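Novice: Got run.csv for you, CSV, C-alpha atoms:
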```
chain,number,residue,atom,x,y,z
A,1,MET,CA,-4.9,-21.9,-23.1
A,2,ASP,CA,-7.0,-21.2,-20.0
A,3,ASN,CA,-9.4,-18.5,-21.0
A,4,GLU,CA,-10.8,-18.1,-17.5
A,5,GLY,CA,-11.4,-14.4,-16.7
A,6,ARG,CA,-10.8,-13.3,-20.2
A,7,SER,CA,-13.4,-11.3,-22.3
A,8,CYS,CA,-14.1,-11.6,-26.0
A,9,VAL,CA,-14.6,-8.2,-27.7
A,10,TYR,CA,-16.5,-7.5,-31.0
A,11,GLY,CA,-16.5,-4.0,-32.5
A,12,LEU,CA,-19.2,-2.5,-34.8
A,13,ARG,CA,-18.3,0.3,-37.2
A,14,HIS,CA,-21.3,2.3,-36.0
A,15,GLN,CA,-22.9,3.3,-32.7
A,16,ALA,CA,-25.4,0.8,-31.2
A,17,ARG,CA,-27.8,0.5,-28.3
A,18,CYS,CA,-29.9,-2.7,-28.8
A,19,LEU,CA,-28.9,-6.3,-28.3
A,20,THR,CA,-30.7,-9.6,-27.8
A,21,ALA,CA,-29.8,-13.2,-27.6
A,22,VAL,CA,-31.0,-15.5,-30.4
A,23,ILE,CA,-33.4,-17.2,-28.0
A,24,ALA,CA,-34.3,-20.1,-30.3
A,25,GLU,CA,-30.7,-21.1,-30.8
A,26,THR,CA,-29.7,-23.7,-28.2
A,27,GLU,CA,-26.6,-25.1,-29.9
A,28,GLN,CA,-24.5,-22.0,-30.3
A,29,ASN,CA,-24.0,-18.7,-28.4
A,30,LYS,CA,-25.6,-16.2,-30.8
A,31,PHE,CA,-26.6,-12.6,-30.3
A,32,LEU,CA,-28.2,-10.0,-32.5
A,33,VAL,CA,-27.0,-6.3,-32.4
A,34,GLY,CA,-28.5,-3.4,-34.3
A,35,SER,CA,-26.5,-0.3,-35.2
A,36,GLN,CA,-27.7,3.3,-34.9
A,37,THR,CA,-26.2,6.0,-37.2
A,38,LEU,CA,-27.8,8.9,-39.0
A,39,LYS,CA,-25.3,9.3,-41.8
A,40,ARG,CA,-24.7,5.8,-43.1
A,41,ASP,CA,-26.7,2.7,-43.8
A,42,ASN,CA,-27.2,0.7,-40.6
A,43,GLU,CA,-26.6,-3.0,-40.0
A,44,ILE,CA,-27.8,-6.0,-38.1
A,45,HIS,CA,-24.9,-8.1,-36.7
A,46,LEU,CA,-25.4,-11.7,-35.9
A,47,ILE,CA,-22.5,-12.6,-33.7
A,48,ASN,CA,-21.5,-16.1,-32.8
A,49,PHE,CA,-19.2,-16.8,-29.8
A,50,ASN,CA,-17.3,-20.1,-30.0
A,51,GLU,CA,-16.1,-21.0,-26.6
A,52,ASP,CA,-13.7,-23.7,-27.7
A,53,GLU,CA,-11.9,-21.4,-30.1
A,54,PHE,CA,-12.6,-18.4,-27.9
A,55,GLU,CA,-13.5,-16.2,-30.8
A,56,ILE,CA,-16.4,-14.4,-32.4
A,57,THR,CA,-17.5,-14.7,-36.0
A,58,SER,CA,-20.3,-12.6,-37.4
A,59,THR,CA,-22.8,-12.3,-40.3
A,60,ILE,CA,-23.7,-8.7,-41.1
A,61,TYR,CA,-27.1,-7.8,-42.7
A,62,GLN,CA,-28.2,-4.6,-44.3
A,63,HIS,CA,-30.7,-2.5,-42.4
A,64,LEU,CA,-31.1,1.0,-43.8
A,65,GLU,CA,-32.8,2.7,-40.8
A,66,GLU,CA,-31.2,3.2,-37.4
A,67,VAL,CA,-32.3,0.4,-35.0
A,68,TRP,CA,-33.8,1.4,-31.6
A,69,ASP,CA,-34.9,-2.0,-30.4
A,70,ILE,CA,-34.6,-5.6,-31.5
A,71,ALA,CA,-36.6,-8.7,-30.5
A,72,ALA,CA,-35.6,-12.2,-31.5
A,73,CYS,CA,-38.3,-14.8,-32.1
A,74,PRO,CA,-38.3,-17.4,-29.3
A,75,ALA,CA,-39.3,-20.3,-31.6
A,76,LYS,CA,-37.5,-19.6,-34.9
A,77,SER,CA,-33.9,-18.5,-34.9
A,78,ASP,CA,-34.1,-16.8,-38.3
A,79,LEU,CA,-36.9,-14.3,-37.4
A,80,PHE,CA,-36.7,-11.0,-35.5
A,81,PHE,CA,-38.4,-7.7,-35.1
A,82,THR,CA,-36.7,-4.3,-35.3
A,83,CYS,CA,-38.1,-1.0,-34.2
A,84,TYR,CA,-36.5,1.7,-36.3
A,85,LYS,CA,-36.7,5.4,-36.9
A,86,THR,CA,-37.9,7.1,-40.1
A,87,PHE,CA,-37.5,10.8,-40.8
A,88,ASP,CA,-39.4,13.3,-43.0
A,89,SER,CA,-39.1,17.1,-43.4
A,90,ILE,CA,-41.2,17.7,-40.2
A,91,SER,CA,-40.5,14.9,-37.7
A,92,SER,CA,-39.3,11.4,-37.0
A,93,ARG,CA,-41.3,8.3,-36.1
A,94,THR,CA,-40.4,4.8,-35.0
A,95,LYS,CA,-41.9,1.9,-36.9
A,96,ALA,CA,-41.4,-1.9,-36.8
A,97,LYS,CA,-40.7,-4.7,-39.2
A,98,LEU,CA,-40.5,-8.5,-39.0
A,99,TRP,CA,-37.4,-9.8,-40.7
A,100,ARG,CA,-36.0,-13.2,-41.8
A,101,MET,CA,-32.3,-13.9,-42.1
A,102,ASN,CA,-31.1,-16.2,-44.8
A,103,ASN,CA,-29.1,-19.3,-43.7
A,104,SER,CA,-26.0,-17.7,-42.2
A,105,ASP,CA,-24.3,-21.1,-41.8
A,106,VAL,CA,-24.1,-21.5,-45.6
A,107,ILE,CA,-20.5,-20.8,-46.6
A,108,SER,CA,-19.6,-19.2,-49.9
A,109,GLU,CA,-18.7,-21.7,-52.7
A,110,ASP,CA,-15.3,-19.9,-52.9
A,111,PHE,CA,-14.3,-21.8,-49.7
A,112,GLU,CA,-13.2,-25.3,-50.0
A,113,LYS,CA,-15.2,-27.9,-48.1
A,114,GLY,CA,-13.7,-28.4,-44.6
A,115,SER,CA,-11.7,-25.1,-44.7
A,116,ARG,CA,-12.1,-22.6,-41.9
A,117,PRO,CA,-15.1,-20.2,-42.5
A,118,PRO,CA,-14.5,-16.4,-42.6
A,119,ARG,CA,-14.7,-14.5,-39.4
A,120,SER,CA,-17.2,-12.1,-40.9
A,121,THR,CA,-19.7,-12.2,-43.8
A,122,SER,CA,-21.2,-8.9,-44.6
A,123,HIS,CA,-23.7,-6.9,-46.7
A,124,LEU,CA,-26.3,-9.7,-46.8
A,125,PRO,CA,-29.9,-8.8,-47.5
A,126,LEU,CA,-32.7,-9.3,-45.0
A,127,GLU,CA,-36.2,-10.5,-46.1
A,128,CYS,CA,-39.0,-8.3,-44.8
A,129,ILE,CA,-41.9,-10.4,-43.8
A,130,PHE,CA,-44.2,-7.5,-42.9
A,131,GLU,CA,-44.3,-4.0,-41.5
A,132,ILE,CA,-46.4,-2.7,-38.6
A,133,LYS,CA,-47.9,0.4,-40.2
A,134,GLU,CA,-49.1,2.7,-37.4
A,135,ASP,CA,-49.3,6.4,-37.0
A,136,ASP,CA,-47.7,6.7,-33.6
A,137,THR,CA,-44.3,5.7,-32.3
A,138,ILE,CA,-43.5,2.0,-31.6
A,139,LYS,CA,-41.2,1.6,-28.7
A,140,LYS,CA,-40.9,-2.2,-28.4
A,141,VAL,CA,-42.3,-5.4,-29.8
A,142,LEU,CA,-42.7,-8.3,-27.4
A,143,TRP,CA,-42.9,-12.0,-28.3
A,144,ASP,CA,-44.8,-14.5,-26.2
A,145,PRO,CA,-42.0,-16.2,-24.2
A,146,LYS,CA,-44.0,-19.5,-24.2
A,147,LYS,CA,-43.2,-19.6,-27.9
A,148,ASP,CA,-46.8,-19.2,-29.0
A,149,LEU,CA,-46.3,-17.5,-32.4
A,150,THR,CA,-50.0,-16.6,-32.9
A,151,LYS,CA,-49.7,-13.3,-31.0
A,152,PHE,CA,-47.3,-10.5,-30.2
A,153,VAL,CA,-47.5,-7.1,-28.5
A,154,SER,CA,-46.4,-3.7,-29.6
A,155,ILE,CA,-45.7,-0.9,-27.1
A,156,HIS,CA,-46.3,2.7,-28.2
A,157,ASP,CA,-46.0,6.1,-26.6
A,158,SER,CA,-49.4,5.9,-25.0
A,159,SER,CA,-50.9,2.5,-25.9
A,160,LEU,CA,-50.3,-1.2,-26.0
A,161,ARG,CA,-51.6,-3.3,-28.9
A,162,ILE,CA,-52.1,-7.0,-29.1
A,163,TRP,CA,-51.6,-8.5,-32.6
A,164,GLU,CA,-52.6,-11.8,-34.2
A,165,PHE,CA,-50.6,-13.4,-37.0
A,166,ASP,CA,-52.1,-15.1,-40.0
A,167,GLU,CA,-51.2,-18.8,-40.5
A,168,GLN,CA,-48.1,-18.0,-42.6
A,169,MET,CA,-46.9,-15.1,-40.3
A,170,THR,CA,-46.8,-12.8,-43.4
A,171,SER,CA,-49.3,-10.3,-41.9
A,172,ALA,CA,-50.9,-9.4,-38.6
A,173,LYS,CA,-53.9,-7.5,-37.4
A,174,THR,CA,-54.7,-5.8,-34.1
A,175,SER,CA,-57.0,-7.8,-31.9
A,176,HIS,CA,-57.1,-5.3,-28.9
A,177,THR,CA,-55.7,-1.9,-28.1
A,178,VAL,CA,-55.3,-0.5,-24.6
A,179,ASP,CA,-55.1,3.3,-24.8
A,180,PHE,CA,-53.5,4.7,-21.6
A,181,SER,CA,-54.0,8.3,-22.7
A,182,SER,CA,-57.8,7.8,-22.5
A,183,MET,CA,-57.4,6.9,-18.8
A,184,ASN,CA,-55.2,9.9,-18.1
A,185,GLU,CA,-54.5,12.7,-20.6
A,186,SER,CA,-51.5,13.9,-18.8
A,187,LEU,CA,-49.9,10.4,-18.8
A,188,PRO,CA,-46.2,10.5,-19.8
A,189,PRO,CA,-45.0,8.2,-22.6
A,190,LEU,CA,-44.5,4.6,-21.9
A,191,THR,CA,-40.8,3.7,-21.6
A,192,THR,CA,-40.5,0.0,-21.6
A,193,GLY,CA,-42.3,-3.4,-21.3
A,194,VAL,CA,-41.8,-7.1,-20.7
A,195,TRP,CA,-44.0,-10.2,-21.2
A,196,ASN,CA,-44.6,-12.4,-18.1
A,197,PRO,CA,-43.2,-15.9,-18.9
A,198,HIS,CA,-45.7,-17.5,-16.4
A,199,GLN,CA,-49.0,-16.1,-17.6
A,200,PRO,CA,-50.5,-13.8,-20.3
A,201,GLU,CA,-49.5,-10.5,-18.7
A,202,VAL,CA,-47.3,-7.6,-19.8
A,203,ALA,CA,-45.6,-5.2,-17.4
A,204,ILE,CA,-45.0,-1.7,-18.7
A,205,GLY,CA,-42.9,1.2,-17.3
A,206,LYS,CA,-44.2,4.8,-17.5
A,207,GLU,CA,-42.4,7.6,-15.8
A,208,CYS,CA,-41.7,6.3,-12.2
A,209,TYR,CA,-44.5,3.7,-12.2
A,210,VAL,CA,-44.7,0.0,-13.2
A,211,GLN,CA,-48.1,-1.4,-14.2
A,212,GLY,CA,-49.3,-4.9,-15.1
A,213,LEU,CA,-51.9,-5.7,-17.8
A,214,ASP,CA,-53.8,-8.9,-18.3
A,215,LEU,CA,-53.7,-9.7,-22.0
A,216,ARG,CA,-57.0,-11.6,-21.9
A,217,SER,CA,-59.2,-9.1,-20.2
A,218,GLN,CA,-57.1,-6.0,-20.8
A,219,SER,CA,-57.5,-5.2,-17.1
A,220,GLN,CA,-54.8,-4.0,-14.7
A,221,THR,CA,-53.2,-6.8,-12.6
A,222,PHE,CA,-50.9,-4.7,-10.4
A,223,ASN,CA,-49.6,-1.1,-10.0
A,224,ILE,CA,-46.4,-0.1,-8.3
A,225,ASN,CA,-46.7,3.6,-7.6
A,226,GLY,CA,-43.3,5.2,-7.2
A,227,ALA,CA,-41.3,2.1,-8.1
A,228,HIS,CA,-38.5,4.6,-8.7
A,229,SER,CA,-38.0,8.2,-7.9
A,230,VAL,CA,-37.5,9.1,-11.6
A,231,LEU,CA,-37.8,7.4,-15.0
A,232,VAL,CA,-38.1,3.6,-15.2
A,233,HIS,CA,-35.9,2.2,-17.9
A,234,ALA,CA,-35.9,-1.5,-17.6
A,235,LEU,CA,-38.1,-4.4,-16.4
A,236,ASP,CA,-37.6,-8.2,-16.2
A,237,TYR,CA,-39.7,-11.0,-14.8
A,238,ASN,CA,-38.0,-13.8,-12.8
A,239,PRO,CA,-38.2,-16.7,-15.3
A,240,ASN,CA,-38.3,-19.3,-12.5
A,241,LYS,CA,-40.3,-17.7,-9.7
A,242,PRO,CA,-43.8,-16.4,-10.4
A,243,TYR,CA,-44.9,-13.1,-9.0
A,244,GLN,CA,-41.4,-11.6,-8.9
A,245,ILE,CA,-40.3,-8.7,-11.1
A,246,ALA,CA,-37.2,-6.4,-11.2
A,247,SER,CA,-37.2,-2.8,-12.2
A,248,ALA,CA,-34.4,-0.2,-12.8
A,249,GLY,CA,-34.2,3.4,-13.7
A,250,ASP,CA,-32.6,6.8,-13.7
A,251,ASP,CA,-32.3,6.8,-9.9
A,252,CYS,CA,-29.4,4.4,-10.3
A,253,LYS,CA,-31.3,1.7,-8.3
A,254,ILE,CA,-32.5,-1.8,-9.0
A,255,ARG,CA,-35.5,-3.0,-7.1
A,256,PHE,CA,-37.1,-6.5,-6.8
A,257,TRP,CA,-40.9,-6.8,-6.2
A,258,ASP,CA,-43.3,-9.5,-5.1
A,259,LEU,CA,-46.4,-8.7,-7.2
A,260,ARG,CA,-48.7,-10.1,-4.5
A,261,ASN,CA,-47.6,-7.3,-2.2
A,262,THR,CA,-45.9,-4.2,-3.7
A,263,THR,CA,-46.0,-2.0,-0.6
A,264,ASN,CA,-42.2,-2.5,-0.2
A,265,CYS,CA,-39.6,-4.0,-2.5
A,266,LEU,CA,-38.1,-7.3,-1.6
A,267,LYS,CA,-34.6,-6.1,-2.2
A,268,GLN,CA,-32.7,-3.0,-3.5
A,269,ILE,CA,-29.3,-2.8,-5.2
A,270,SER,CA,-27.5,0.5,-5.5
A,271,ASP,CA,-24.1,-0.5,-7.0
A,272,HIS,CA,-24.4,1.8,-10.1
A,273,THR,CA,-23.5,5.5,-10.0
A,274,HIS,CA,-25.6,6.6,-13.0
A,275,TRP,CA,-28.7,5.6,-14.9
A,276,VAL,CA,-29.4,1.9,-15.2
A,277,TRP,CA,-30.4,1.0,-18.8
A,278,ALA,CA,-30.7,-2.8,-18.8
A,279,ILE,CA,-31.3,-5.7,-16.4
A,280,ALA,CA,-31.6,-9.5,-17.0
A,281,TYR,CA,-32.3,-12.5,-14.9
A,282,ASN,CA,-30.4,-15.6,-15.8
A,283,ARG,CA,-33.0,-17.9,-17.4
A,284,PHE,CA,-31.5,-21.1,-15.8
A,285,HIS,CA,-30.2,-19.8,-12.5
A,286,ASP,CA,-32.3,-16.9,-11.4
A,287,GLN,CA,-29.9,-16.1,-8.5
A,288,LEU,CA,-27.6,-14.6,-11.2
A,289,PHE,CA,-28.6,-11.1,-12.3
A,290,LEU,CA,-27.1,-8.7,-14.8
A,291,SER,CA,-27.3,-4.9,-15.0
A,292,SER,CA,-25.7,-2.2,-17.1
A,293,SER,CA,-25.5,1.6,-16.8
A,294,SER,CA,-24.4,4.9,-18.1
A,295,ASP,CA,-21.5,4.6,-15.6
A,296,CYS,CA,-19.9,2.3,-18.3
A,297,GLN,CA,-20.1,-0.7,-16.1
A,298,VAL,CA,-21.8,-4.1,-16.2
A,299,ASN,CA,-22.5,-5.7,-12.8
A,300,LEU,CA,-23.1,-9.4,-12.2
A,301,GLN,CA,-25.0,-9.8,-8.9
A,302,SER,CA,-25.9,-12.8,-6.8
A,303,ILE,CA,-29.5,-12.4,-5.4
A,304,VAL,CA,-29.8,-16.0,-4.1
A,305,SER,CA,-31.8,-15.0,-1.0
A,306,ILE,CA,-34.8,-14.1,-3.2
A,307,SER,CA,-34.3,-16.7,-5.9
A,308,SER,CA,-35.9,-20.0,-6.6
A,309,GLY,CA,-32.6,-21.7,-5.6
A,310,ALA,CA,-32.4,-20.1,-2.2
A,311,PHE,CA,-30.2,-22.0,0.3
A,312,GLN,CA,-30.4,-22.2,4.1
A,313,TYR,CA,-29.2,-19.1,5.9
A,314,ASP,CA,-28.8,-17.7,9.3
A,315,GLU,CA,-31.0,-14.6,9.2
A,316,ARG,CA,-30.5,-11.4,11.1
A,317,GLU,CA,-32.8,-8.4,10.9
A,318,ASN,CA,-31.3,-5.0,10.5
A,319,ASP,CA,-31.9,-2.3,13.1
A,320,ASP,CA,-34.6,-0.6,11.0
A,321,GLY,CA,-36.3,-3.9,10.2
A,322,SER,CA,-36.3,-3.3,6.5
A,323,GLU,CA,-33.4,-5.5,5.3
A,324,TYR,CA,-31.9,-8.8,6.1
A,325,GLU,CA,-28.4,-10.1,6.1
A,326,TYR,CA,-27.7,-13.6,5.0
A,327,HIS,CA,-24.8,-15.6,6.4
A,328,ASP,CA,-23.9,-18.9,4.8
A,329,GLN,CA,-21.5,-21.3,6.5
A,330,LEU,CA,-21.1,-23.8,3.7
A,331,GLY,CA,-19.4,-21.8,1.0
A,332,LYS,CA,-22.6,-21.6,-1.1
A,333,PRO,CA,-23.7,-18.5,-3.0
A,334,THR,CA,-24.5,-15.4,-0.9
A,335,ASP,CA,-26.1,-12.1,-1.9
A,336,GLY,CA,-23.8,-9.4,-3.3
A,337,LEU,CA,-21.8,-8.2,-6.2
A,338,VAL,CA,-20.1,-11.2,-7.9
A,339,ARG,CA,-18.0,-9.1,-10.3
A,340,ALA,CA,-18.0,-5.6,-11.9
A,341,TYR,CA,-17.0,-5.6,-15.6
A,342,ASP,CA,-15.4,-2.3,-16.8
A,343,GLN,CA,-14.4,-3.1,-20.4
A,344,HIS,CA,-16.7,-0.4,-21.8
A,345,GLU,CA,-15.8,3.2,-22.4
A,346,ASP,CA,-19.4,4.5,-23.1
A,347,SER,CA,-22.9,4.0,-21.7
A,348,VAL,CA,-23.8,0.3,-21.7
A,349,TYR,CA,-27.3,0.1,-23.1
A,350,ALA,CA,-28.0,-3.6,-23.2
A,351,VAL,CA,-27.1,-6.9,-21.6
A,352,ALA,CA,-28.3,-10.4,-22.6
A,353,TRP,CA,-27.7,-14.0,-21.4
A,354,SER,CA,-26.9,-16.6,-24.0
A,355,ALA,CA,-29.8,-19.0,-24.8
A,356,CYS,CA,-27.2,-21.8,-25.3
A,357,ASP,CA,-24.9,-21.6,-22.3
A,358,PRO,CA,-26.2,-20.3,-18.9
A,359,TRP,CA,-22.8,-19.0,-18.0
A,360,VAL,CA,-22.2,-16.8,-21.0
A,361,PHE,CA,-23.5,-13.2,-21.5
A,362,CYS,CA,-23.0,-10.3,-23.8
A,363,SER,CA,-23.1,-6.5,-23.1
A,364,LEU,CA,-23.2,-3.6,-25.6
A,365,SER,CA,-22.1,0.0,-25.2
A,366,TYR,CA,-23.1,3.0,-27.4
A,367,ASP,CA,-19.7,3.1,-29.1
A,368,GLY,CA,-20.5,-0.2,-30.8
A,369,ARG,CA,-18.5,-2.4,-28.5
A,370,ALA,CA,-20.0,-5.8,-27.7
A,371,VAL,CA,-18.2,-7.8,-25.0
A,372,ILE,CA,-18.8,-11.4,-24.2
A,373,ASN,CA,-18.0,-12.6,-20.6
A,374,ARG,CA,-18.6,-15.7,-18.6
A,375,VAL,CA,-19.7,-16.2,-15.0
A,376,PRO,CA,-16.5,-16.7,-12.9
A,377,LYS,CA,-15.7,-20.4,-12.2
A,378,GLU,CA,-15.8,-20.0,-8.4
A,379,GLU,CA,-19.4,-18.6,-8.6
A,380,LYS,CA,-20.5,-21.3,-11.1
A,381,TYR,CA,-19.2,-24.1,-8.9
A,382,LYS,CA,-20.9,-22.6,-5.9
A,383,ILE,CA,-24.2,-23.0,-7.8
A,384,ILE,CA,-23.8,-26.4,-9.4
A,385,LEU,CA,-21.9,-28.3,-6.7
```
Written as structure tokens, how would this file's structure read?
Specialist:
Amino acid sequence: MDNEGRSCVYGLRHQARCLTAVIAETEQNKFLVGSQTLKRDNEIHLINFNEDEFEITSTIYQHLEEVWDIAACPAKSDLFFTCYKTFDSISSRTKAKLWRMNNSDVISEDFEKGSRPPRSTSHLPLECIFEIKEDDTIKKVLWDPKKDLTKFVSIHDSSLRIWEFDEQMTSAKTSHTVDFSSMNESLPPLTTGVWNPHQPEVAIGKECYVQGLDLRSQSQTFNINGAHSVLVHALDYNPNKPYQIASAGDDCKIRFWDLRNTTNCLKQISDHTHWVWAIAYNRFHDQLFLSSSSDCQVNLQSIVSISSGAFQYDERENDDGSEYEYHDQLGKPTDGLVRAYDQHEDSVYAVAWSACDPWVFCSLSYDGRAVINRVPKEEKYKIIL
């Protein structure tokens, strides 16, 4: 059967808002999803998309607390961080733990050798490696994308902390703390962050600003004032083109910046009609770009004109001199919306590209619906031919 244009859907029993690809897994399309419910025990779903069978199998792990963020280790496929909420009689706080999954590929002895494995294995325990014990809220944990497992970064309401693992990765200690509240007492809480894959730098979002921080000197590397008119929700560095970063937020816009000159953005996309929650460059073909929004839509964009794989174009300047139109005569990729995916019925909080197949991606909406799609063949062939 030709599955071109079809989607593969996986439903969680609970609400969810965080998703990540298993970055260290290069043989199978694997994603981690964390659930978020107050009344029941939560879960971590390891979902595996088999392109040949066109189906999803899953392994479900127990995770008591509601999951607000999840970060897969870039070097070891069985390790990941979760940021989760805890509650007491007065307030709630978000903490973080490093977890290890057991070998999900081991099939129960009840199944005969060579028989088809079950579509779902559930209620498996997670091994807690260690917990980040801090007094303030932890928003995100960032791994070094260069697979250096000696350090990681935690982003808090008003600070960023650089951690160092011990040799066994069973504990960690803070090596440096950058306290943004000491610089500006009225500073709003940090909203998001991403680690630069090209150099030791982290970009953070705070209100409508985007700021870069050198992890060696703890000094500011760039500052984009008014990157968006309201709250910045998402950031992502171009994995193949240094000095390029994308931002998105509550103004429904996505903007692309050259960090060597942030006076004006390189490009702006305004195809969403509500808050943009997540964005993601394709790690192999950075002209492909994903975004998701509270408008229940996932958009696949072509941004070839500002990508590392830019083709030859006829260039025409707009009347105001601020934008360019690109015209290609050879049937190669051009800028624009490749496809809008509308399989979700709730806010789409996360998108992620597969680490195994550059043409496969997953999206997650708040109602616990994970949808796996593939880049349309016609766009794929434009890129590879």
Novice: Taking (-46.1, 5.2, -10.6) in the file's coordinates, which residues come within 9 Å, counting only C-alpha atoms, written as a PyMOL selection string?
Specialist: chain A and resi 205-211+223-228
Novice: Would you mind telling me which residue in A:Ser308, A:Thr20, A:Gln15, A:Thr59 lies nearest to A:Met101 when using all atoms listed in the file?
Specialist: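 The shortest atom-to-atom distance to A:Met101 comes from A:Thr59.
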Novice: Restricting the calculation to only C-alpha atoms: of A:Lys382, A:Lys377, A:Pro333, A:Ser122, which residue gets closest to A:Asn3?
Specialist: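 Ranking A:Lys382, A:Lys377, A:Pro333, A:Ser122 by distance to A:Asn3, first place goes to A:Lys377.
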Novice: Using only C-alpha atoms, find each residue in stretch 231-308 of chain A having at least one atom no more than 7 Å away from stretch 188-195 of chain A; report its shortest atom-to-atom pair and that distance in Å (one decimal), rows by chain then rising number, as CSV.
Specialist:
```
residue,atom,partner,partner_atom,distance
A:Val232,CA,A:Thr191,CA,6.9
A:His233,CA,A:Thr192,CA,6.3
A:Ala234,CA,A:Thr192,CA,6.3
A:Leu235,CA,A:Val194,CA,6.3
A:Asp236,CA,A:Val194,CA,6.3
```
Novice: For the residues in that selection, give me C-alpha atoms as a JSON list (two decimals), keeping the file's coordinate frame.
Specialist:
```json
[["chain", "number", "residue", "atom", "x", "y", "z"],
["A", 232, "VAL", "CA", -38.10, 3.60, -15.20],
["A", 233, "HIS", "CA", -35.90, 2.20, -17.90],
["A", 234, "ALA", "CA", -35.90, -1.50, -17.60],
["A", 235, "LEU", "CA", -38.10, -4.40, -16.40],
["A", 236, "ASP", "CA", -37.60, -8.20, -16.20]]
```
Novice: How many Å separate atom CA of A:Cys362 from atom CA of A:Arg6?
Specialist: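 Separation of atom CA of A:Cys362 and atom CA of A:Arg6: 13.1 Å.
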Novice: For a quick check of understanding, using all atoms listed in the file, which of A:Phe81, A:Tyr61, A:Phe130, A:Trp163 has the smallest distance to A:Asp41?
Specialist: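 Closest to A:Asp41 of all the choices is A:Tyr61.
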Novice: Neighbours of A:Trp68 within 10 Å (all atoms listed in the file; same-chain residues fewer than 6 positions away dropped), as a ChimeraX atom specification?
Specialist: /A:16-19,34-36,82-85,94-96,138-140
Novice: Tell me which of A:Arg161, A:Trp257, A:Thr86, A:Val9 sits closest to A:Val371, counting all atoms listed in the file.
Specialist: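 Result for the nearest residue to A:Val371: A:Val9.
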Novice: Using all atoms listed in the file, which residues sit within 8 Å of stretch 346-352 of chain A once same-chain residues fewer than 5 positions away are excluded, as a PyMOL selection string?
Specialist: chain A and resi 17-21+277-280+290-298+361-367
Novice: One decimal, in Å: what's the spacing between atom CA of A:Ile306 and atom CA of A:Phe256?
Specialist: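 For atom CA of A:Ile306 relative to atom CA of A:Phe256, the distance reads 8.7 Å.
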Novice: Can stretch 350-361 of chain A be brought up to N, CA and C atoms and written out as a JSON list (two decimals), keeping the file's coordinate frame?
Specialist:
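Below is the file that was written, rebuild27.json:
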```json
[["chain", "number", "residue", "atom", "x", "y", "z"],
["A", 350, "ALA", "N", -27.28, -2.31, -23.11],
["A", 350, "ALA", "CA", -28.00, -3.60, -23.20],
["A", 350, "ALA", "C", -27.08, -4.72, -22.64],
["A", 351, "VAL", "N", -27.73, -5.70, -22.02],
["A", 351, "VAL", "CA", -27.10, -6.90, -21.60],
["A", 351, "VAL", "C", -28.01, -8.10, -21.95],
["A", 352, "ALA", "N", -27.44, -9.27, -22.22],
["A", 352, "ALA", "CA", -28.30, -10.40, -22.60],
["A", 352, "ALA", "C", -27.50, -11.70, -22.23],
["A", 353, "TRP", "N", -28.22, -12.67, -21.66],
["A", 353, "TRP", "CA", -27.70, -14.00, -21.40],
["A", 353, "TRP", "C", -27.79, -14.85, -22.66],
["A", 354, "SER", "N", -26.82, -15.69, -22.89],
["A", 354, "SER", "CA", -26.90, -16.60, -24.00],
["A", 354, "SER", "C", -28.03, -17.63, -23.77],
["A", 355, "ALA", "N", -28.71, -18.02, -24.84],
["A", 355, "ALA", "CA", -29.80, -19.00, -24.80],
["A", 355, "ALA", "C", -29.17, -20.44, -24.79],
["A", 356, "CYS", "N", -27.89, -20.55, -25.13],
["A", 356, "CYS", "CA", -27.20, -21.80, -25.30],
["A", 356, "CYS", "C", -26.50, -22.25, -24.00],
["A", 357, "ASP", "N", -25.73, -21.33, -23.44],
["A", 357, "ASP", "CA", -24.90, -21.60, -22.30],
["A", 357, "ASP", "C", -25.29, -20.67, -21.14],
["A", 358, "PRO", "N", -25.74, -21.19, -20.00],
["A", 358, "PRO", "CA", -26.20, -20.30, -18.90],
["A", 358, "PRO", "C", -25.13, -19.49, -18.27],
["A", 359, "TRP", "N", -23.87, -19.75, -18.60],
["A", 359, "TRP", "CA", -22.80, -19.00, -18.00],
["A", 359, "TRP", "C", -22.17, -17.96, -18.86],
["A", 360, "VAL", "N", -22.75, -17.75, -20.04],
["A", 360, "VAL", "CA", -22.20, -16.80, -21.00],
["A", 360, "VAL", "C", -23.18, -15.62, -21.18],
["A", 361, "PHE", "N", -22.65, -14.40, -21.23],
["A", 361, "PHE", "CA", -23.50, -13.20, -21.50],
["A", 361, "PHE", "C", -22.77, -12.20, -22.28]]
```
